[in-house]
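One file, input_27.tsv, carrying TSV, C-alpha atoms and all ligand atoms:
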```tsv
chain	number	residue	atom	x	y	z
A	1	MET	CA	15.00	-0.45	30.71
A	2	ALA	CA	15.80	-3.79	29.16
A	3	GLU	CA	13.77	-2.78	26.10
A	4	PHE	CA	16.27	-0.15	24.99
A	5	SER	CA	19.92	-0.49	24.17
A	6	GLN	CA	22.24	2.13	25.59
A	7	GLN	CA	22.50	3.63	22.09
A	8	GLU	CA	18.73	3.95	21.87
A	9	TYR	CA	18.55	5.47	25.31
A	10	LEU	CA	21.04	8.15	24.25
A	11	ARG	CA	19.40	8.67	20.87
A	12	TYR	CA	15.90	9.24	22.28
A	13	ASN	CA	16.99	11.03	25.44
A	14	ARG	CA	15.19	14.27	24.57
A	15	HIS	CA	11.94	12.33	24.22
A	16	ILE	CA	12.52	10.37	27.39
A	17	GLN	CA	13.04	13.64	29.28
A	18	LEU	CA	9.84	15.10	27.89
A	19	PRO	CA	6.81	15.03	30.22
A	20	GLY	CA	4.08	13.04	28.51
A	21	VAL	CA	6.49	10.83	26.52
A	22	GLY	CA	9.10	9.32	28.84
A	23	ILE	CA	10.21	5.70	28.62
A	24	ASP	CA	6.64	4.45	28.19
A	25	GLY	CA	5.90	6.75	25.29
A	26	GLN	CA	9.16	5.98	23.56
A	27	LEU	CA	8.51	2.25	23.88
A	28	LYS	CA	5.09	2.76	22.32
A	29	LEU	CA	6.77	4.50	19.38
A	30	LYS	CA	9.26	1.66	19.08
A	31	SER	CA	6.54	-0.98	18.82
A	32	ALA	CA	4.24	1.07	16.54
A	33	ARG	CA	3.61	0.29	12.87
A	34	VAL	CA	2.80	3.06	10.42
A	35	LEU	CA	1.97	3.08	6.73
A	36	ILE	CA	3.10	6.19	4.85
A	37	VAL	CA	1.23	6.50	1.55
A	38	GLY	CA	3.20	8.75	-0.78
A	39	CYS	CA	6.87	9.73	-0.49
A	40	GLY	CA	6.65	13.20	-2.03
A	41	GLY	CA	6.42	16.62	-0.43
A	42	LEU	CA	4.36	15.53	2.58
A	43	GLY	CA	5.94	12.11	2.85
A	44	ALA	CA	9.43	13.62	3.13
A	45	PRO	CA	9.06	15.38	6.52
A	46	VAL	CA	6.63	12.73	7.79
A	47	SER	CA	9.02	9.87	7.10
A	48	LEU	CA	12.16	11.72	8.23
A	49	TYR	CA	10.67	12.86	11.54
A	50	LEU	CA	9.04	9.52	12.33
A	51	ALA	CA	12.25	7.64	11.57
A	52	ALA	CA	14.30	10.12	13.63
A	53	ALA	CA	11.81	9.77	16.50
A	54	GLY	CA	12.30	6.01	16.66
A	55	LEU	CA	9.05	4.87	15.11
A	56	GLY	CA	9.82	1.16	15.04
A	57	ASN	CA	8.12	-0.10	11.89
A	58	ILE	CA	7.59	2.11	8.84
A	59	THR	CA	6.14	0.95	5.52
A	60	LEU	CA	6.48	3.33	2.57
A	61	ILE	CA	4.46	3.02	-0.62
A	62	ASP	CA	4.88	5.11	-3.77
A	63	GLY	CA	4.94	4.13	-7.44
A	64	ASP	CA	6.44	7.39	-8.73
A	65	SER	CA	10.00	8.17	-9.68
A	66	VAL	CA	11.97	11.22	-8.56
A	67	GLU	CA	11.92	14.10	-11.06
A	68	LEU	CA	13.99	17.27	-11.13
A	69	SER	CA	10.91	19.40	-10.38
A	70	ASN	CA	10.38	17.41	-7.13
A	71	LEU	CA	13.63	18.64	-5.57
A	72	GLN	CA	12.07	22.08	-4.90
A	73	ARG	CA	10.20	20.54	-1.93
A	74	GLN	CA	10.83	16.78	-1.56
A	75	ILE	CA	13.79	17.03	0.77
A	76	THR	CA	14.50	13.33	1.16
A	77	PHE	CA	15.90	13.24	-2.38
A	78	SER	CA	19.06	14.53	-3.99
A	79	GLU	CA	20.04	15.00	-7.63
A	80	LYS	CA	21.48	11.48	-7.87
A	81	ASP	CA	18.01	10.05	-7.10
A	82	ILE	CA	16.38	11.43	-10.27
A	83	GLY	CA	14.72	8.60	-12.15
A	84	LYS	CA	14.66	6.25	-9.16
A	85	ASN	CA	11.57	5.07	-7.28
A	86	LYS	CA	10.57	7.41	-4.46
A	87	ALA	CA	9.70	4.73	-1.89
A	88	LEU	CA	13.02	2.92	-2.41
A	89	CYS	CA	15.03	6.16	-2.23
A	90	THR	CA	13.19	7.19	0.95
A	91	GLN	CA	13.79	3.77	2.50
A	92	GLN	CA	17.52	4.16	1.91
A	93	ARG	CA	17.51	7.67	3.39
A	94	LEU	CA	15.60	6.59	6.51
A	95	GLN	CA	17.91	3.65	7.15
A	96	GLN	CA	20.89	6.03	6.93
A	97	LEU	CA	19.17	8.21	9.51
A	98	ASN	CA	18.18	5.39	11.88
A	99	SER	CA	19.44	1.81	11.47
A	100	ASP	CA	17.57	0.65	14.62
A	101	ILE	CA	14.15	0.77	12.97
A	102	GLN	CA	12.51	-1.45	10.34
A	103	VAL	CA	11.70	0.33	7.08
A	104	ASP	CA	9.92	-1.47	4.24
A	105	ALA	CA	9.28	0.05	0.82
A	106	ILE	CA	6.77	-0.83	-1.90
A	107	ASP	CA	7.45	0.65	-5.34
A	108	GLN	CA	3.80	0.68	-6.40
A	109	ALA	CA	0.89	3.09	-6.13
A	110	LEU	CA	-1.69	2.36	-3.44
A	111	SER	CA	-4.59	0.55	-5.13
A	112	VAL	CA	-7.67	-1.52	-4.32
A	113	ASP	CA	-5.47	-4.59	-4.82
A	114	ASN	CA	-2.82	-3.81	-2.21
A	115	ALA	CA	-4.39	-1.27	0.17
A	116	GLU	CA	-6.44	-3.43	2.53
A	117	ALA	CA	-3.65	-5.75	3.68
A	118	LEU	CA	-1.32	-2.79	4.21
A	119	ILE	CA	-3.89	-0.80	6.17
A	120	GLN	CA	-4.85	-3.81	8.31
A	121	SER	CA	-1.27	-4.26	9.46
A	122	ALA	CA	-0.79	-0.58	10.41
A	123	ASP	CA	-1.57	1.14	13.72
A	124	LEU	CA	-1.80	4.47	11.90
A	125	VAL	CA	-1.88	5.51	8.24
A	126	LEU	CA	-0.39	8.77	6.98
A	127	ASP	CA	-1.98	10.10	3.83
A	128	CYS	CA	0.85	11.89	2.05
A	129	THR	CA	-0.75	11.58	-1.38
A	130	ASP	CA	-1.83	14.37	-3.69
A	131	ASN	CA	-5.15	13.05	-4.95
A	132	PHE	CA	-8.70	12.35	-3.89
A	133	PRO	CA	-9.00	8.75	-5.16
A	134	ALA	CA	-6.18	7.60	-2.85
A	135	ARG	CA	-7.75	9.52	0.04
A	136	TYR	CA	-11.15	7.90	-0.43
A	137	LEU	CA	-9.49	4.51	-0.60
A	138	ILE	CA	-7.54	5.20	2.61
A	139	ASN	CA	-10.60	6.68	4.33
A	140	ASP	CA	-12.93	3.81	3.48
A	141	LEU	CA	-10.50	1.03	4.36
A	142	CYS	CA	-9.39	2.75	7.57
A	143	LYS	CA	-13.00	3.17	8.66
A	144	ILE	CA	-13.83	-0.46	7.96
A	145	ASN	CA	-10.64	-1.80	9.58
A	146	ASP	CA	-10.77	0.52	12.63
A	147	THR	CA	-7.49	2.18	11.70
A	148	PRO	CA	-6.87	5.89	12.40
A	149	TRP	CA	-5.30	8.01	9.66
A	150	ILE	CA	-3.92	11.50	9.28
A	151	TYR	CA	-4.86	13.53	6.25
A	152	ALA	CA	-2.99	16.51	4.86
A	153	SER	CA	-3.11	18.37	1.58
A	154	VAL	CA	-1.46	21.44	0.13
A	155	TYR	CA	-2.50	23.86	-2.57
A	156	GLN	CA	-0.44	26.88	-3.61
A	157	GLN	CA	-0.12	28.70	-0.23
A	158	SER	CA	-2.85	26.82	1.68
A	159	GLY	CA	-2.89	23.54	3.53
A	160	GLN	CA	-5.21	21.29	5.54
A	161	CYS	CA	-4.58	18.62	8.15
A	162	ALA	CA	-6.86	16.32	10.19
A	163	LEU	CA	-6.66	13.13	12.22
A	164	PHE	CA	-9.54	10.78	11.45
A	165	THR	CA	-10.30	8.06	13.98
A	166	PRO	CA	-12.79	5.23	13.28
A	167	GLN	CA	-15.22	6.45	15.96
A	168	GLU	CA	-15.50	10.04	14.72
A	169	SER	CA	-16.44	11.75	11.46
A	170	CYS	CA	-14.63	10.65	8.30
A	171	PHE	CA	-13.19	12.25	5.18
A	172	ARG	CA	-16.42	11.56	3.29
A	173	CYS	CA	-18.35	13.55	5.90
A	174	LEU	CA	-16.11	16.47	4.93
A	175	PHE	CA	-15.93	15.80	1.16
A	176	PRO	CA	-18.81	13.49	0.11
A	177	SER	CA	-17.56	13.53	-3.49
A	178	PRO	CA	-14.36	14.69	-5.23
A	179	PRO	CA	-14.49	18.42	-5.96
A	180	LYS	CA	-14.75	19.06	-9.70
A	181	GLY	CA	-11.88	20.99	-11.19
A	182	GLU	CA	-9.59	20.37	-8.22
A	183	LEU	CA	-5.98	20.47	-9.33
A	184	ASP	CA	-3.10	18.84	-7.56
A	185	CYS	CA	0.04	20.79	-6.76
A	186	ASN	CA	1.70	19.50	-9.92
A	187	ALA	CA	-0.84	21.48	-11.89
A	188	ALA	CA	-1.45	24.46	-9.61
A	189	GLY	CA	1.97	25.17	-8.14
A	190	VAL	CA	2.92	25.09	-4.48
A	191	LEU	CA	5.27	27.07	-2.25
A	192	GLY	CA	8.17	24.67	-1.67
A	193	VAL	CA	8.10	24.82	2.11
A	194	LEU	CA	4.31	24.30	2.44
A	195	PRO	CA	4.28	20.48	2.24
A	196	GLY	CA	7.15	20.61	4.73
A	197	LEU	CA	4.96	22.54	7.14
A	198	LEU	CA	1.88	20.34	6.70
A	199	GLY	CA	3.92	17.12	6.75
A	200	THR	CA	5.55	18.25	9.98
A	201	LEU	CA	2.09	18.83	11.45
A	202	GLN	CA	1.11	15.31	10.38
A	203	ALA	CA	4.25	13.88	12.00
A	204	THR	CA	3.53	15.86	15.18
A	205	GLU	CA	0.03	14.43	15.45
A	206	ALA	CA	1.28	10.93	14.59
A	207	LEU	CA	3.86	10.98	17.39
A	208	LYS	CA	1.33	12.34	19.88
A	209	TYR	CA	-1.28	9.77	18.88
A	210	LEU	CA	1.11	6.81	19.02
A	211	ALA	CA	2.79	7.91	22.27
A	212	ASP	CA	-0.65	8.44	23.84
A	213	ILE	CA	-0.34	12.20	24.25
A	214	PRO	CA	-3.74	13.90	23.82
A	215	CYS	CA	-4.23	14.96	20.17
A	216	SER	CA	-5.75	18.30	19.39
A	217	SER	CA	-6.64	17.45	15.83
A	218	VAL	CA	-9.10	14.56	16.38
A	219	ASN	CA	-12.35	15.52	14.71
A	220	THR	CA	-10.82	18.86	13.81
A	221	LEU	CA	-9.75	20.24	10.47
A	222	LEU	CA	-6.76	22.54	10.71
A	223	LEU	CA	-6.64	25.13	7.93
A	224	VAL	CA	-3.30	26.80	7.24
A	225	GLU	CA	-2.91	29.87	5.03
A	226	THR	CA	0.70	30.96	4.69
A	227	SER	CA	0.02	34.15	2.70
A	228	ASP	CA	-1.06	35.84	5.95
A	229	MET	CA	0.03	33.09	8.38
A	230	HIS	CA	-3.54	32.40	9.41
A	231	PHE	CA	-4.23	29.11	11.22
A	232	GLN	CA	-7.82	28.06	11.89
A	233	LYS	CA	-9.39	25.00	13.51
A	234	ILE	CA	-12.82	23.77	12.43
A	235	THR	CA	-14.70	21.12	14.42
A	236	LEU	CA	-15.94	18.36	12.13
A	237	GLN	CA	-19.37	16.83	12.47
A	238	LYS	CA	-20.48	13.36	11.46
A	239	ASP	CA	-22.68	13.70	8.38
A	240	SER	CA	-25.88	11.68	8.81
A	241	ASN	CA	-25.89	11.16	5.03
A	242	CYS	CA	-22.29	9.95	4.84
A	243	ILE	CA	-22.21	6.57	3.07
A	244	LEU	CA	-19.71	5.26	5.63
A	245	CYS	CA	-20.77	6.92	8.88
A	246	SER	CA	-24.54	6.55	8.44
A	247	ASP	CA	-24.29	2.82	7.92
A	248	ASP	CA	-23.95	0.50	10.93
A	249	ASN	CA	-21.92	-1.96	8.87
A	250	PRO	CA	-20.05	-0.08	6.18
A	251	VAL	CA	-18.95	-2.27	3.30
A	252	PHE	CA	-15.86	-1.67	1.23
A	253	ASN	CA	-16.73	-1.70	-2.44
A	254	PRO	CA	-13.59	-2.09	-4.56
A	255	SER	CA	-15.46	-1.16	-7.72
A	256	ASN	CA	-16.31	2.28	-6.33
A	257	ASN	CA	-15.47	4.80	-9.04
A	258	ASP	CA	-14.07	7.22	-6.46
A	259	TYR	CA	-10.91	5.14	-6.32
A	260	LYS	CA	-10.34	5.18	-10.05
A	261	LEU	CA	-10.13	8.82	-11.02
A	262	HIS	CA	-6.39	8.86	-11.04
A	263	CYS	CA	-6.11	12.61	-11.22
A	264	SER	CA	-8.89	15.12	-11.53
A	265	ALA	CA	-7.04	16.82	-14.37
A	266	ALA	CA	-7.64	13.68	-16.37
A	267	GLU	CA	-11.35	13.52	-15.66
A	268	LYS	CA	-13.57	13.84	-18.67
A	269	SER	CA	-15.19	16.93	-17.18
A	270	ILE	CA	-11.93	18.85	-17.40
A	271	SER	CA	-10.25	17.12	-20.28
A	272	SER	CA	-8.97	20.34	-21.83
A	273	ILE	CA	-6.63	23.15	-20.88
A	274	SER	CA	-6.84	26.72	-22.14
A	275	ALA	CA	-4.49	28.02	-24.82
A	276	ALA	CA	-3.23	30.56	-22.28
A	277	ASP	CA	-1.97	27.73	-20.07
A	278	PHE	CA	-0.38	25.83	-22.95
A	279	GLU	CA	3.20	26.94	-22.38
A	280	GLN	CA	3.17	26.06	-18.67
A	281	TRP	CA	1.55	22.65	-19.25
A	282	SER	CA	3.72	21.70	-22.21
A	283	GLN	CA	6.90	22.11	-20.10
A	284	ARG	CA	5.81	19.83	-17.27
A	285	ASP	CA	7.79	16.64	-16.69
A	286	ASP	CA	4.63	14.54	-16.42
A	287	ILE	CA	3.27	15.66	-19.79
A	288	ILE	CA	3.99	14.32	-23.25
A	289	LEU	CA	3.03	16.79	-25.96
A	290	ILE	CA	1.50	15.26	-29.09
A	291	ASP	CA	0.56	16.90	-32.39
A	292	ILE	CA	-2.29	14.79	-33.82
A	293	ARG	CA	-2.69	16.58	-37.17
A	294	GLU	CA	-1.76	15.25	-40.61
A	295	GLN	CA	1.84	15.31	-41.88
A	296	HIS	CA	1.31	18.23	-44.28
A	297	GLU	CA	-0.16	20.37	-41.50
A	298	ARG	CA	2.76	19.57	-39.23
A	299	ASP	CA	5.26	20.36	-42.00
A	300	ALA	CA	3.69	23.78	-42.45
A	301	PHE	CA	3.86	24.75	-38.77
A	302	ASN	CA	3.98	23.03	-35.40
A	303	LEU	CA	4.44	23.61	-31.68
A	304	GLY	CA	6.88	20.75	-31.17
A	305	GLY	CA	6.28	17.53	-29.29
A	306	GLU	CA	5.72	14.09	-30.77
A	307	HIS	CA	3.75	13.64	-33.99
A	308	ILE	CA	1.08	10.93	-34.01
A	309	PRO	CA	-1.73	11.53	-36.55
A	310	ALA	CA	-5.19	11.04	-34.99
A	311	ASP	CA	-5.90	7.82	-36.90
A	312	GLN	CA	-2.75	6.20	-35.52
A	313	LEU	CA	-3.13	7.48	-31.98
A	314	LEU	CA	-4.63	4.44	-30.29
A	315	SER	CA	-2.22	1.98	-31.87
A	316	SER	CA	0.93	4.05	-31.21
A	317	ILE	CA	0.38	5.91	-27.99
A	318	ALA	CA	0.76	3.21	-25.33
A	319	ASP	CA	4.55	2.95	-25.85
A	320	LYS	CA	4.95	6.71	-25.69
A	321	VAL	CA	2.97	7.85	-22.66
A	322	GLU	CA	4.22	5.50	-19.92
A	323	ASN	CA	3.00	7.22	-16.72
A	324	LYS	CA	2.61	10.61	-18.33
A	325	THR	CA	-0.46	12.52	-19.44
A	326	ALA	CA	-0.80	13.05	-23.20
A	327	LEU	CA	-1.34	16.72	-24.06
A	328	LEU	CA	-2.94	16.67	-27.50
A	329	TYR	CA	-3.15	19.55	-29.94
A	330	CYS	CA	-4.56	20.09	-33.39
A	331	GLN	CA	-5.37	23.18	-35.46
A	332	SER	CA	-8.61	24.32	-33.77
A	333	GLY	CA	-9.04	22.01	-30.76
A	334	VAL	CA	-11.90	19.96	-32.21
A	335	ARG	CA	-9.95	16.89	-33.33
A	336	SER	CA	-7.76	16.92	-30.22
A	337	GLN	CA	-10.83	17.01	-27.95
A	338	LYS	CA	-12.32	13.97	-29.72
A	339	ALA	CA	-9.00	12.15	-29.57
A	340	CYS	CA	-8.70	13.05	-25.89
A	341	GLU	CA	-12.08	11.51	-25.08
A	342	LEU	CA	-11.09	8.39	-27.01
A	343	LEU	CA	-7.93	8.01	-24.91
A	344	LEU	CA	-9.72	8.71	-21.63
A	345	GLY	CA	-12.19	5.98	-22.57
A	346	LYS	CA	-9.20	3.62	-22.75
A	347	ASN	CA	-7.96	4.84	-19.34
A	348	ILE	CA	-5.06	6.73	-20.90
A	349	LYS	CA	-4.56	10.09	-19.22
A	350	ALA	CA	-5.05	12.84	-21.77
A	351	LEU	CA	-5.76	16.54	-22.13
A	352	SER	CA	-6.65	18.63	-25.17
A	353	VAL	CA	-5.57	22.22	-25.87
A	354	ALA	CA	-8.82	24.17	-26.27
A	355	GLY	CA	-8.84	26.20	-29.49
A	356	GLY	CA	-5.69	24.47	-30.71
A	357	ILE	CA	-2.85	26.20	-32.55
A	358	THR	CA	-5.20	28.89	-33.83
A	359	GLU	CA	-6.05	30.05	-30.35
A	360	ILE	CA	-2.46	29.83	-29.11
A	361	ILE	CA	-1.25	32.01	-31.98
A	362	ARG	CA	-4.14	34.46	-31.51
A	363	GLN	CA	-3.17	34.95	-27.88
B	1	ZN	ZN	-18.29	9.84	7.23
```
Would you encode the structure as structure tokens?
Ligand SMILES: [Zn+2]
Amino acid sequence: MAEFSQQEYLRYNRHIQLPGVGIDGQLKLKSARVLIVGCGGLGAPVSLYLAAAGLGNITLIDGDSVELSNLQRQITFSEKDIGKNKALCTQQRLQQLNSDIQVDAIDQALSVDNAEALIQSADLVLDCTDNFPARYLINDLCKINDTPWIYASVYQQSGQCALFTPQESCFRCLFPSPPKGELDCNAAGVLGVLPGLLGTLQATEALKYLADIPCSSVNTLLLVETSDMHFQKITLQKDSNCILCSDDNPVFNPSNNDYKLHCSAAEKSISSISAADFEQWSQRDDIILIDIREQHERDAFNLGGEHIPADQLLSSIADKVENKTALLYCQSGVRSQKACELLLGKNIKALSVAGGITEIIRQ
């Protein structure tokens, strides 16, 4: 028992008593290294439970800052954290919970530039992101580097969870390409407790996997529907056409476009929102509302927001948007749609209000 201090022995006693974990399992947790990608709704229960369980080495990565609207579900944060980086806040919270473990935090988004080194040094990756590009990046690099990872996602009252190991089917077997029109929970709404439930399932599978307890979710997709509390398990099959699984020597291609679509809502294919959704969108924290009409039109009537006439948009917008998505409006939706495509072409996240002010007033 030389590997544990008396404090650790007391702290993890309920694990050590548990058949299937014991001293051996707890030591495996202590020496394990995990990468948690995303410190939001899923990352909160994942990181808290893994830290509490004595997971010895945790690396957190998230480039976002805490917003008021996050507090409805991201239970690692409190009101004083608003405006601060999520990974750094989570690191502080985990060290308060367990000072015996090593917690590192990276205040950046996972990208093709930083992902491979991080994934190579992890025994297990937890995908606590809210977007497909990050998941494809995690999936591809985990497959190539023989690293298992646990996927989860939430949408309104539904969730999904799966453990992907290098030998079995992968995320691309399940979703060969990003679904068009998929919205993240920022856009579609989510029951506050749902990421807590799915994140707790991820943490459960992570602890079982790392302590060498048989995992029920390998090669299985767990579907959770909280509206009627229906849980369903689907066995996954390797897709013979999968670009990763069909190839004997899969190659990571950093220029793959799948990693670049930051958020499907900003894809060109769905670069507009309906007038009916205007009010909801315009109040979001991650949106900056911009009237792109001429001064005399704005003087006559406007829906608020910033005013940047279309011809000044490209030169003035960079300072204004920061990490937000520009929600552009004009009188009828034609000019704002053109302006939106211009911004998207410059990799600035933008949306146009279809039908413009005319349609909003009509409705
Ligand atoms: Zn595959």
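Separating CA of Leu124 (chain A) from CA of Arg73 (chain A) is a distance of 24.4 Å.
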Nearest to Cys242 (chain A): which of A:Val125, A:Cys170, A:Ala318, A:Ile273 is it, counting all atoms listed in the file?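 Closest residue, counting all atoms listed in the file: A:Cys170.
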Got a sec: who's within 10 Å of Leu313 (chain A), counting all atoms listed in the file, leaving out chain neighbours fewer than 2 positions off, as a list of chain:residue names? A:Ile290, A:Ile292, A:His307, A:Ile308, A:Pro309, A:Ala310, A:Asp311, A:Ser315, A:Ser316, A:Ile317, A:Ala318, A:Ala339, A:Cys340, A:Leu342, A:Leu343
May I have the residues within 9 Å of Ala52 (chain A) as a PyMOL selection string, using all atoms listed in the file and disregarding those fewer than 3 positions away in the same chain? chain A and resi 11-12+47-49+55+94+97-98
Preceding selection exported with C-alpha atoms as a PDB file, in the frame of the given file:
```
ATOM      1  CA  ARG A  11      19.400   8.670  20.870  1.00  0.00           C
ATOM      2  CA  TYR A  12      15.900   9.240  22.280  1.00  0.00           C
ATOM      3  CA  SER A  47       9.020   9.870   7.100  1.00  0.00           C
ATOM      4  CA  LEU A  48      12.160  11.720   8.230  1.00  0.00           C
ATOM      5  CA  TYR A  49      10.670  12.860  11.540  1.00  0.00           C
ATOM      6  CA  LEU A  55       9.050   4.870  15.110  1.00  0.00           C
ATOM      7  CA  LEU A  94      15.600   6.590   6.510  1.00  0.00           C
ATOM      8  CA  LEU A  97      19.170   8.210   9.510  1.00  0.00           C
ATOM      9  CA  ASN A  98      18.180   5.390  11.880  1.00  0.00           C
TER      10      ASN A  98
END
```
Could you give me, as a ChimeraX atom specification, the residues that have an atom at most 10 Å away from the point (6.0, 14.7, 5.4) in the coordinates of the file, using only C-alpha atoms? /A:36,38-50,74-76,126-128,152,195-203
Contacts to ligand ZN 1 (chain B) at 10 Å cut-off (all atoms listed in the file) as an MDAnalysis selection string: chainID A and resid 139:140 143 164 166:176 237:247
Which value, in Å to one decimal, gives the distance between CA of Leu289 (chain A) and CA of Asp81 (chain A)? 25.0 Å
Within 10 Å of (-2.5, 30.7, -28.9), all atoms listed in the file: residues as a JSON list (two decimals) with C-alpha atoms, in the frame of the given file?
```
[["chain", "number", "residue", "atom", "x", "y", "z"],
["A", 274, "SER", "CA", -6.84, 26.72, -22.14],
["A", 275, "ALA", "CA", -4.49, 28.02, -24.82],
["A", 276, "ALA", "CA", -3.23, 30.56, -22.28],
["A", 277, "ASP", "CA", -1.97, 27.73, -20.07],
["A", 278, "PHE", "CA", -0.38, 25.83, -22.95],
["A", 279, "GLU", "CA", 3.20, 26.94, -22.38],
["A", 353, "VAL", "CA", -5.57, 22.22, -25.87],
["A", 354, "ALA", "CA", -8.82, 24.17, -26.27],
["A", 355, "GLY", "CA", -8.84, 26.20, -29.49],
["A", 356, "GLY", "CA", -5.69, 24.47, -30.71],
["A", 357, "ILE", "CA", -2.85, 26.20, -32.55],
["A", 358, "THR", "CA", -5.20, 28.89, -33.83],
["A", 359, "GLU", "CA", -6.05, 30.05, -30.35],
["A", 360, "ILE", "CA", -2.46, 29.83, -29.11],
["A", 361, "ILE", "CA", -1.25, 32.01, -31.98],
["A", 362, "ARG", "CA", -4.14, 34.46, -31.51],
["A", 363, "GLN", "CA", -3.17, 34.95, -27.88]]
```
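One distance worth recording is that between CA of Ser153 (chain A) and CA of Asp130 (chain A), which is 6.7 Å.
Using all atoms listed in the file, the nearest neighbour of Gln232 (chain A) within the list A:Ile61, A:Ile138, A:Ala162, A:Leu10 is A:Ala162.
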Which residue gives the smallest distance to Pro178 (chain A) among A:Gly333, A:Gly54, A:Gly304, A:Pro133, with all atoms listed in the file counted?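 For Pro178 (chain A), the nearest of the given residues is A:Pro133.
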May I ask which of the residues A:Gln17, A:Thr220, A:Ser111, A:Gln331 is the closest one to Glu297 (chain A), counting all atoms listed in the file? A:Gln331
Nearest to Leu137 (chain A), chosen from A:Leu223, A:Leu194, A:Val37, A:Leu27, with all atoms listed in the file counted in the distances: A:Val37
Applying 9 Å and all atoms listed in the file, which residues near Leu68 (chain A) remain after dropping the ones on its own chain fewer than 3 positions away? List them as a ChimeraX atom specification. /A:71-72,79,82-83,285
Exercise: Ser158 (chain A) partners within 8 Å, all atoms listed in the file, chain neighbours under 2 positions left out, as an MDAnalysis selection string: chainID A and resid 154:156 160 194 223:227
